[in-house]
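*Asks:* Before I ask anything, here is the structure I am working with.
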Amino acid sequence: MSRQTPRPEELELPEFLMPYEASPPAPAPPAATAAPDLHQSGLWIFILGDMTLFGAFFAGFALQARSQADVFAGSAETLLLGVGAVNTLILLTSSLFVVVATRAVAADDRPAAARALLATLLCALLFAGLKLTAYGVELSAGYTPTTNLFFTYYFVLTGIHLMHVVVGMALLLVAWRGLRREAGGVSVSFVEGAGIYWHMVDLLWVVLFPLLYIAWLP
Amino acid sequence: MMRHLTIRLWGVWLMLVLATLFSAWTAADGLPGGAGMPAAALAVAVGFAKVWLIGMHFMALRDAPPWLRSLFNAWSLVVGGGVTLLILL
């Protein structure tokens, strides 16, 4: 008597040996929500806090202007209006380049983003150069932070703003160098964060220009 | 490089540039209505309007979560309106 061997398809295999036809379904990605990214939230809290600090300075300056209208008018007249206006146009254009950079990097067009950041950096250098030249002219004409209250505000506000320009340039430089590396040395969110910071530098100057150069002219 | 920009963004930049040129030109030639607190308040209010445009369009806050857009609008209104009123009143 011979014992018949069962065919392979008739065998009852344990579960862990059973072949499966398809890969198990991948876990579903988390549903998109309106909750913002934590890093971006932190950046925005810093940006709005910095803007509010400047807002307090703006309010203090406006209050003082009421009691010293003649001093403010005479002092504003000595500032280089043309340099202030050109610097405003430079920063507005630099902001447009930053918009190009953030949109290009989001579209994975890193060469275009790097070129736009380089253009932004050149604008920043031009702004800083013109601002330092204006300081030189004003100081050599005898106007210093101790001349009167207007010039105290002028040098403090534009000086703090210039420090923001320097920090912004450092961030943009890191982003630009990262974009030029072959193996993506910088993240999209870093470029966006540096861009938001630079826009803040721009919008603060957009208020400083009329507040210091224009509003009190006789 | 500039192909990443839309007509809307070009338009906002042009508005900001024209507003700056107009402000500088009127300041050099004498502020509208003569010097004084109303002219000063107008110059500063135009500056804050430009800030709002930069925030909404360049910083893309028009597409941001509502809480962030509201905070920026509140800042523009409180600081911009406050400074303008301090000059006027």
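Every chain in the structure tokens has a letter given in the order shown (A, B, ...), and although residue numbers restart at 1 in each chain, ligands are simply numbered from 1 in the order shown.
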May I have the residues of chain A within 8 Å of chain B, counting only C-alpha atoms, written as number ranges by chain?

*Replies:* A: 34-36, 48, 52, 55, 58-59, 62-63, 65-66, 81-82, 85, 88-89, 92-93, 95-96, 99-100, 103-104, 112-113, 115-116, 196, 199, 203-204, 206-207, 209-211, 214-218

*Asks:* So that I have them on file, write out the residues from the current selection with N, CA and C atoms, as a short mmCIF file (atom, residue, chain, number, x, y, z; two decimals), in the first residue's frame.

*Replies:*
```cif
data_model
loop_
_atom_site.label_atom_id
_atom_site.label_comp_id
_atom_site.auth_asym_id
_atom_site.auth_seq_id
_atom_site.Cartn_x
_atom_site.Cartn_y
_atom_site.Cartn_z
N ALA A 34 -5.88 72.99 9.49
CA ALA A 34 -5.51 74.40 9.41
C ALA A 34 -4.43 74.74 10.42
N ALA A 35 -4.05 73.75 11.24
CA ALA A 35 -3.05 74.04 12.28
C ALA A 35 -1.72 74.39 11.63
N PRO A 36 -1.10 75.51 12.01
CA PRO A 36 0.14 75.91 11.37
C PRO A 36 1.32 75.09 11.87
N LEU A 48 6.01 89.37 14.84
CA LEU A 48 4.97 90.29 15.33
C LEU A 48 5.43 90.99 16.61
N THR A 52 5.82 94.95 17.04
CA THR A 52 5.12 95.67 18.11
C THR A 52 6.08 96.56 18.88
N GLY A 55 6.47 99.43 16.91
CA GLY A 55 5.22 100.20 17.00
C GLY A 55 5.22 101.11 18.22
N PHE A 58 7.35 104.02 17.38
CA PHE A 58 6.63 104.92 16.46
C PHE A 58 5.68 105.81 17.27
N ALA A 59 4.96 105.20 18.21
CA ALA A 59 3.98 105.95 19.00
C ALA A 59 4.69 107.00 19.87
N ALA A 62 5.74 109.88 17.68
CA ALA A 62 4.61 110.73 17.28
C ALA A 62 4.16 111.62 18.44
N LEU A 63 4.18 111.07 19.66
CA LEU A 63 3.79 111.86 20.84
C LEU A 63 4.75 113.03 21.05
N ALA A 65 6.62 114.44 18.85
CA ALA A 65 6.54 115.40 17.74
C ALA A 65 5.52 116.49 18.01
N ARG A 66 4.46 116.15 18.72
CA ARG A 66 3.40 117.13 18.99
C ARG A 66 3.93 118.27 19.86
N LEU A 81 16.35 113.51 1.82
CA LEU A 81 15.07 112.92 1.39
C LEU A 81 15.26 111.97 0.21
N GLY A 82 16.09 112.39 -0.76
CA GLY A 82 16.30 111.56 -1.95
C GLY A 82 16.89 110.19 -1.60
N ALA A 85 14.21 108.05 -0.08
CA ALA A 85 13.26 107.55 -1.08
C ALA A 85 13.89 106.42 -1.91
N THR A 88 14.00 103.31 0.02
CA THR A 88 12.67 102.67 0.08
C THR A 88 12.42 101.86 -1.18
N LEU A 89 12.74 102.44 -2.34
CA LEU A 89 12.55 101.72 -3.61
C LEU A 89 13.44 100.47 -3.67
N LEU A 92 11.82 97.81 -1.44
CA LEU A 92 10.59 97.27 -2.06
C LEU A 92 10.96 96.28 -3.17
N THR A 93 11.98 96.63 -3.95
CA THR A 93 12.41 95.74 -5.04
C THR A 93 13.05 94.47 -4.48
N SER A 95 12.23 93.06 -1.75
CA SER A 95 11.12 92.21 -1.28
C SER A 95 10.52 91.43 -2.43
N LEU A 96 10.45 92.07 -3.60
CA LEU A 96 9.91 91.37 -4.77
C LEU A 96 10.83 90.20 -5.15
N VAL A 99 10.13 87.38 -2.89
CA VAL A 99 8.91 86.65 -3.30
C VAL A 99 9.27 85.66 -4.41
N VAL A 100 10.09 86.10 -5.38
CA VAL A 100 10.53 85.20 -6.46
C VAL A 100 11.26 84.00 -5.86
N ARG A 103 8.87 81.53 -4.03
CA ARG A 103 8.00 80.81 -4.98
C ARG A 103 8.82 79.83 -5.82
N ALA A 104 10.04 80.24 -6.19
CA ALA A 104 10.90 79.37 -7.00
C ALA A 104 11.33 78.14 -6.21
N ALA A 112 16.83 79.36 -9.94
CA ALA A 112 16.13 80.66 -9.99
C ALA A 112 16.05 81.27 -8.59
N ALA A 113 15.79 80.43 -7.59
CA ALA A 113 15.71 80.91 -6.20
C ALA A 113 17.06 81.49 -5.77
N ARG A 115 19.40 82.77 -7.70
CA ARG A 115 19.63 84.05 -8.41
C ARG A 115 18.83 85.18 -7.76
N ALA A 116 17.58 84.87 -7.38
CA ALA A 116 16.73 85.90 -6.76
C ALA A 116 17.30 86.31 -5.40
N ILE A 196 10.52 85.83 5.09
CA ILE A 196 9.56 86.55 5.95
C ILE A 196 10.30 87.60 6.79
N HIS A 199 11.07 90.54 4.59
CA HIS A 199 9.87 91.37 4.35
C HIS A 199 9.61 92.28 5.56
N LEU A 203 9.10 96.25 5.55
CA LEU A 203 7.89 96.98 5.99
C LEU A 203 8.17 97.95 7.14
N LEU A 204 9.18 97.65 7.96
CA LEU A 204 9.54 98.61 9.02
C LEU A 204 10.11 99.89 8.40
N VAL A 206 9.38 100.99 5.48
CA VAL A 206 8.27 101.65 4.77
C VAL A 206 7.51 102.59 5.72
N VAL A 207 7.51 102.31 7.03
CA VAL A 207 6.93 103.23 8.01
C VAL A 207 7.95 104.29 8.42
N PHE A 209 10.32 105.66 6.76
CA PHE A 209 10.56 106.68 5.73
C PHE A 209 9.58 107.86 5.87
N PRO A 210 8.27 107.65 5.85
CA PRO A 210 7.39 108.83 6.02
C PRO A 210 7.48 109.43 7.42
N LEU A 211 7.65 108.58 8.43
CA LEU A 211 7.67 109.08 9.82
C LEU A 211 8.86 110.00 10.07
N ILE A 214 9.35 112.59 5.98
CA ILE A 214 8.31 113.34 5.27
C ILE A 214 7.35 114.07 6.20
N ALA A 215 6.87 113.37 7.25
CA ALA A 215 5.71 113.86 8.01
C ALA A 215 5.89 115.26 8.59
N TRP A 216 7.11 115.61 8.99
CA TRP A 216 7.26 116.86 9.75
C TRP A 216 7.82 118.00 8.92
N LEU A 217 7.99 117.76 7.61
CA LEU A 217 8.57 118.81 6.76
C LEU A 217 7.70 120.07 6.79
N PRO A 218 8.34 121.24 6.82
CA PRO A 218 7.54 122.47 6.83
C PRO A 218 6.87 122.73 5.48
#
```

*Asks:* Output as a compact mmCIF listing (two decimals) with C-alpha atoms, in the first residue's frame all residues of segment 17-134 of chain A that backbone DSSP marks as helix (DSSP H, G or I).

*Replies:*
```txt
# COMPACT_ATOMS: atom_id res chain seq x y z
CA LEU A 17 3.82 30.97 5.76
CA LEU A 38 5.13 75.00 14.93
CA HIS A 39 8.39 76.45 13.60
CA GLN A 40 6.53 78.93 11.43
CA SER A 41 4.34 79.88 14.41
CA GLY A 42 7.45 80.62 16.46
CA LEU A 43 8.88 82.72 13.67
CA TRP A 44 5.65 84.71 13.35
CA ILE A 45 5.45 85.32 17.10
CA PHE A 46 8.98 86.74 16.92
CA ILE A 47 8.17 88.84 13.83
CA LEU A 48 4.97 90.29 15.33
CA GLY A 49 6.74 90.90 18.65
CA ASP A 50 9.53 92.79 16.91
CA MET A 51 6.99 94.80 14.92
CA THR A 52 5.12 95.67 18.11
CA LEU A 53 8.34 96.89 19.74
CA PHE A 54 8.90 99.17 16.76
CA GLY A 55 5.22 100.20 17.00
CA ALA A 56 5.87 101.45 20.55
CA PHE A 57 8.82 103.49 19.25
CA PHE A 58 6.63 104.92 16.46
CA ALA A 59 3.98 105.95 19.00
CA GLY A 60 6.56 107.54 21.32
CA PHE A 61 8.05 109.46 18.41
CA ALA A 62 4.61 110.73 17.28
CA LEU A 63 3.79 111.86 20.84
CA GLN A 64 7.05 113.79 21.14
CA ALA A 65 6.54 115.40 17.74
CA ARG A 66 3.40 117.13 18.99
CA SER A 67 5.24 118.95 21.76
CA ALA A 69 6.84 120.49 16.24
CA ASP A 70 9.34 123.22 15.31
CA VAL A 71 12.37 121.17 16.34
CA PHE A 72 11.09 118.15 14.40
CA ALA A 73 10.33 120.24 11.29
CA GLY A 74 13.75 121.88 11.29
CA SER A 75 15.53 118.57 11.85
CA ALA A 76 13.58 116.59 9.23
CA GLU A 77 14.49 119.25 6.69
CA THR A 78 18.19 118.45 7.08
CA LEU A 81 15.07 112.92 1.39
CA GLY A 82 16.30 111.56 -1.95
CA VAL A 83 18.47 108.91 -0.27
CA GLY A 84 15.55 107.88 1.95
CA ALA A 85 13.26 107.55 -1.08
CA VAL A 86 15.82 105.58 -3.13
CA ASN A 87 16.43 103.28 -0.17
CA THR A 88 12.67 102.67 0.08
CA LEU A 89 12.55 101.72 -3.61
CA ILE A 90 15.57 99.43 -3.14
CA LEU A 91 13.93 97.58 -0.24
CA LEU A 92 10.59 97.27 -2.06
CA THR A 93 12.41 95.74 -5.04
CA SER A 94 14.41 93.45 -2.77
CA SER A 95 11.12 92.21 -1.28
CA LEU A 96 9.91 91.37 -4.77
CA PHE A 97 13.09 89.32 -5.34
CA VAL A 98 12.42 87.50 -2.07
CA VAL A 99 8.91 86.65 -3.30
CA VAL A 100 10.53 85.20 -6.46
CA ALA A 101 12.97 83.19 -4.33
CA THR A 102 10.30 81.66 -2.07
CA ARG A 103 8.00 80.81 -4.98
CA ALA A 104 10.90 79.37 -7.00
CA VAL A 105 12.16 77.19 -4.16
CA ALA A 106 8.63 75.93 -3.51
CA ARG A 110 16.57 76.14 -6.97
CA PRO A 111 18.77 77.93 -9.55
CA ALA A 112 16.13 80.66 -9.99
CA ALA A 113 15.71 80.91 -6.20
CA ALA A 114 19.49 81.30 -5.76
CA ARG A 115 19.63 84.05 -8.41
CA ALA A 116 16.73 85.90 -6.76
CA LEU A 117 18.41 85.70 -3.33
CA LEU A 118 21.65 87.01 -4.84
CA ALA A 119 19.71 89.98 -6.28
CA THR A 120 18.17 90.54 -2.82
CA LEU A 121 21.62 90.51 -1.22
CA LEU A 122 22.89 93.08 -3.73
CA CYS A 123 19.89 95.30 -2.92
CA ALA A 124 20.65 94.90 0.80
CA LEU A 125 24.30 95.89 0.28
CA LEU A 126 23.20 98.94 -1.71
CA PHE A 127 20.74 99.93 1.03
CA ALA A 128 23.36 99.58 3.77
CA GLY A 129 25.94 101.48 1.71
CA LEU A 130 23.56 104.38 1.09
CA LYS A 131 22.47 104.44 4.74
CA LEU A 132 26.08 104.56 5.97
CA THR A 133 26.84 107.32 3.45
CA ALA A 134 23.85 109.31 4.74
```

*Asks:* Identify, on the basis of only C-alpha atoms, every residue whose closest approach to Arg69 of chain B does not exceed 9 Å; exclude the query and any residue fewer than 6 positions from it along the same chain; express the result as a PDB file with C-alpha atoms, in the first residue's frame.

*Replies:*
```
ATOM      1  CA  GLY B  55       1.988  91.760   4.495  1.00  0.00           C
ATOM      2  CA  MET B  56      -0.984  90.490   2.524  1.00  0.00           C
ATOM      3  CA  LEU B  61      -0.752  86.461   4.603  1.00  0.00           C
ATOM      4  CA  ARG B  62      -3.863  86.488   2.411  1.00  0.00           C
ATOM      5  CA  ASP B  63      -3.384  82.700   2.188  1.00  0.00           C
TER       6      ASP B  63
END
```

*Asks:* So how far away is atom CA of Trp176 of chain A from atom CA of Asp109 of chain A, in Å?

*Replies:*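 Atom CA of Asp109 of chain A sits 13.0 Å away from atom CA of Trp176 of chain A.
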
*Asks:* Which value, in Å to one decimal, gives the distance between atom CA of Leu208 of chain A and atom CA of Val167 of chain A?

*Replies:*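 Between atom CA of Leu208 of chain A and atom CA of Val167 of chain A the gap is 18.3 Å.
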
*Asks:* If we count only C-alpha atoms, what is near Arg177 of chain A at a cut-off of 10 Å, once residues fewer than 3 positions away on the same chain are taken out, given as a list in words?

*Replies:*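 Contacts, with the query itself left out: Ala114, Leu117, Leu118, Leu172, Leu173, Val174, Arg180, Arg181, Gly185 and Val186 of chain A.
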